[in-house]
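J.: Questions regarding the structure given below will be posed in turn.
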Amino acid sequence: MFKKKNFIAPLAVILAPTSLSTSSASAEENNTGSNNLERKAVIKSVQIGEQNISYKVRDSVSKAKHPDRTFLLIHGASANLLSTDSLAEELGKKFEKAQIVQIDLPAHGLSKGPVLSSVNDMADVVAEFVEQGRESGDFANEVVIVGISMGGSAAQKLAVRNIEGLEKVVLISTSPEWKHFGFLSGYTGEEFNKMYPGMIEDDYAVNTTPEQQAEFHMWFPNLIPAKETSLGDIQALIGFNIVNDLNKITQKTLIIHGDGDQSAPYANAQLMASTIKKAKLVTIPGETHTWSMKQPAKAAELIYDFIK
């Protein structure tokens with residue numbers, strides 16, 4: 001059980017979706033939703049054991065005193081919450097009464113603390129993060145977890161545990177195991193950091209314009225963490241396997257996956273869909289691992305259709 005006092009006051013207000021400014025200035029992001037309402041995006045932090053977890057909140061803009069649900073977006077390996085910014089904005093437009101929360105996993109982004117090398121350990125921190133937010137009243141009672149790539153693996157773990165308040169689960173470009181990444185075990189952090197940008201840039205280049213790619217290259221360097229964090233993520237992926245527990249997931253689950261995904265093979269999405277009892281698989285033809293960054297409005301639309 002956690003108390004409200006553990007949540008720390010806002011550290012900064014994000015001035016643009018691709019900026020992690022630590023300025024103390026206050027600003028509002030203008031989301032052009034159906035009612036042209038404005039929604040603040042604020043960076044906060046909370047202490048969970050040894051971990052100081054940074055997260056970004058877009059609160060409800062409705063007249064209701066409390067949001068009807070909290071969406072928690074969990075990013076992938078060797079990244080941070082910047083990779084979920086566009087999707088968070090689009091979800092805010094679709095769900096005007098909802099609160100949108102993006103988390104920086106331990107040792108990623110602005111989060112401070114020991115590097116974790118286990119998806120299960122990351123899931124432990126996220127579970128406490130959700131419990132603390134609900135107990136303090138900062139989050140809604142009902143939480144929808146949207147996990148992308150490694151974040152989707154953590155989401156599967158939380159669903160297997162059936163953490164309190166978990167309403168539905170959305171799994172994007174993820175896998176219940178990553179044994180196909182075994183070749184990465186021999187890489188050092190520096191070697192991985194040299195290889196990783198090229199992998200993601202090549203993936204993002206599929207089905208995008210030169211203009212989109214140029215914009216991506218402007219903020220992409222801000223995603224790459226310290227080499228120790230990258231090494232931890234590699235170990236976490238290789239050591240994760242929840243295949244035999246997928247049938248324990250009872251929440252309604254939306255699986256969205258590009259059939260051209262080389263990082264999380266499409267066959268693994270089909271496995272999740274056939275094993276999770278209340279799963280729905282939506283295939284994005286010809287798309288790759290980073291498709292939700294390329295098509296955030298499409299992702300939000302699919303999530304909206306699933307939740308409504």
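Order determines the names: the first chain of the structure tokens is A, the second B, and so forth; residues in each chain are numbered 1 upward, and ligands are numbered 1 upward as they are shown.
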Extract, using only C-alpha atoms, all DNA, RNA and protein residues at most 7 Å from A:Lys97, discarding same-chain residues fewer than 5 positions from it, and format them as a ChimeraX atom specification.

T.: /A:60-62,67-68

J.: Could you pull the residues within 9 Å of A:Ser54, counting only C-alpha atoms, minus those fewer than 4 positions along the same chain, as JSON, numbers by chain?

T.: {"A": [43, 44, 45, 46, 47, 102, 103, 104, 105, 106, 108, 109, 110, 111, 112]}

J.: Applying 12 Å and only C-alpha atoms, which residues near A:Tyr196 remain after dropping the ones on its own chain fewer than 3 positions away? List them as a list of chain:residue names.

T.: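 Surrounding residues, per the criterion: A:Ala77, A:Ser78, A:Ala79, A:Leu184, A:Tyr187, A:Thr188, A:Gly189, A:Glu190, A:Glu191, A:Phe192, A:Asn193, A:Met199, A:Ile200, A:Glu201, A:Asp202, A:Asp203, A:Phe220, A:Pro221, A:Leu223, A:Ile224, A:Pro225, A:Lys227, A:Ser230, A:Leu231, A:Ile234, A:Ser263.
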
J.: Write out as a VMD selection string each polymer residue whose atoms come within 12 Å of A:Thr208, counting only C-alpha atoms; drop sequence neighbours fewer than 6 positions from it.

T.: chain A and resid 201 to 202 214 to 216 287 to 288 290 to 291 293 to 295

J.: With distances taken over only C-alpha atoms, which residue among A:Glu211, A:Gln270, A:Glu89, A:Ile53 lies nearest A:Glu128?

T.: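 For A:Glu128, the nearest of the given residues is A:Ile53.
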
J.: Between stretch 155-184 of chain A and stretch 129-137 of chain A, at 12 Å or less, what are the per-residue closest atom pairs and their distances in Å? Count only C-alpha atoms, order by chain and rising residue number, and return it as a Markdown table.

T.:
```
| residue | atom | partner | partner_atom | distance |
| --- | --- | --- | --- | --- |
| A:Ala155 | CA | A:Val130 | CA | 11.8 |
| A:Leu158 | CA | A:Val130 | CA | 10.4 |
| A:Ile163 | CA | A:Glu131 | CA | 8.4 |
| A:Glu164 | CA | A:Glu131 | CA | 7.5 |
| A:Gly165 | CA | A:Arg134 | CA | 8.1 |
| A:Leu166 | CA | A:Val130 | CA | 9.1 |
```

J.: Just the selected residues (N, CA and C atoms), exported as a PDB file, in the first residue's frame, please.

T.:
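And here's again.pdb as it stands now:
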```
ATOM      1  N   ALA A 155       3.448  -5.787 -19.899  1.00  0.00           N
ATOM      2  CA  ALA A 155       1.984  -5.739 -19.796  1.00  0.00           C
ATOM      3  C   ALA A 155       1.399  -7.144 -19.698  1.00  0.00           C
ATOM      4  N   LEU A 158       1.811  -8.333 -16.167  1.00  0.00           N
ATOM      5  CA  LEU A 158       0.849  -7.701 -15.265  1.00  0.00           C
ATOM      6  C   LEU A 158      -0.540  -8.304 -15.447  1.00  0.00           C
ATOM      7  N   ILE A 163      -3.398  -7.709 -11.907  1.00  0.00           N
ATOM      8  CA  ILE A 163      -3.246  -6.661 -10.901  1.00  0.00           C
ATOM      9  C   ILE A 163      -4.564  -5.911 -10.734  1.00  0.00           C
ATOM     10  N   GLU A 164      -4.776  -5.406  -9.544  1.00  0.00           N
ATOM     11  CA  GLU A 164      -6.032  -4.740  -9.219  1.00  0.00           C
ATOM     12  C   GLU A 164      -6.238  -3.506 -10.093  1.00  0.00           C
ATOM     13  N   GLY A 165      -7.442  -3.373 -10.617  1.00  0.00           N
ATOM     14  CA  GLY A 165      -7.799  -2.212 -11.412  1.00  0.00           C
ATOM     15  C   GLY A 165      -7.542  -2.355 -12.898  1.00  0.00           C
ATOM     16  N   LEU A 166      -6.900  -3.452 -13.312  1.00  0.00           N
ATOM     17  CA  LEU A 166      -6.583  -3.615 -14.726  1.00  0.00           C
ATOM     18  C   LEU A 166      -7.854  -3.929 -15.509  1.00  0.00           C
TER      19      LEU A 166
END
```

J.: Which is closest to A:Leu237 among A:Lys278, A:Lys308, A:Lys56, A:Lys179, if we use only C-alpha atoms?

T.: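 So, comparing all the options, the nearest one is A:Lys179.
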
J.: Could you check which of A:Ile238, A:Val146, A:Val125, A:Ala226 is closest to A:Ile256, using only C-alpha atoms?

T.: A:Val146

J.: Do a neighbour search on A:Phe181 at 12 Å with only C-alpha atoms, toss out local chain neighbours closer than 4 positions, and write the hits as a PyMOL selection string.

T.: chain A and resi 175+177+185-187+233-240+262-265

J.: For the alpha helix (DSSP H) assignment from backbone DSSP, which residues of stretch 131-212 of chain A qualify? Please present them as an MDAnalysis selection string.

T.: chainID A and resid 131:136 150:161 189:204 210:212

J.: So which bits of stretch 28-142 of chain A end up strand (DSSP E) when you DSSP the backbone, as a PyMOL selection string?

T.: chain A and resi 29-30+38-39+41-48+51-58+70-74+99-103

J.: Could you jot down the atom CA of A:Leu254 to atom CA of A:Val169 separation for me, Å, one decimal place?

T.: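 Atom-to-atom, atom CA of A:Leu254 and atom CA of A:Val169 are spaced 6.3 Å apart.
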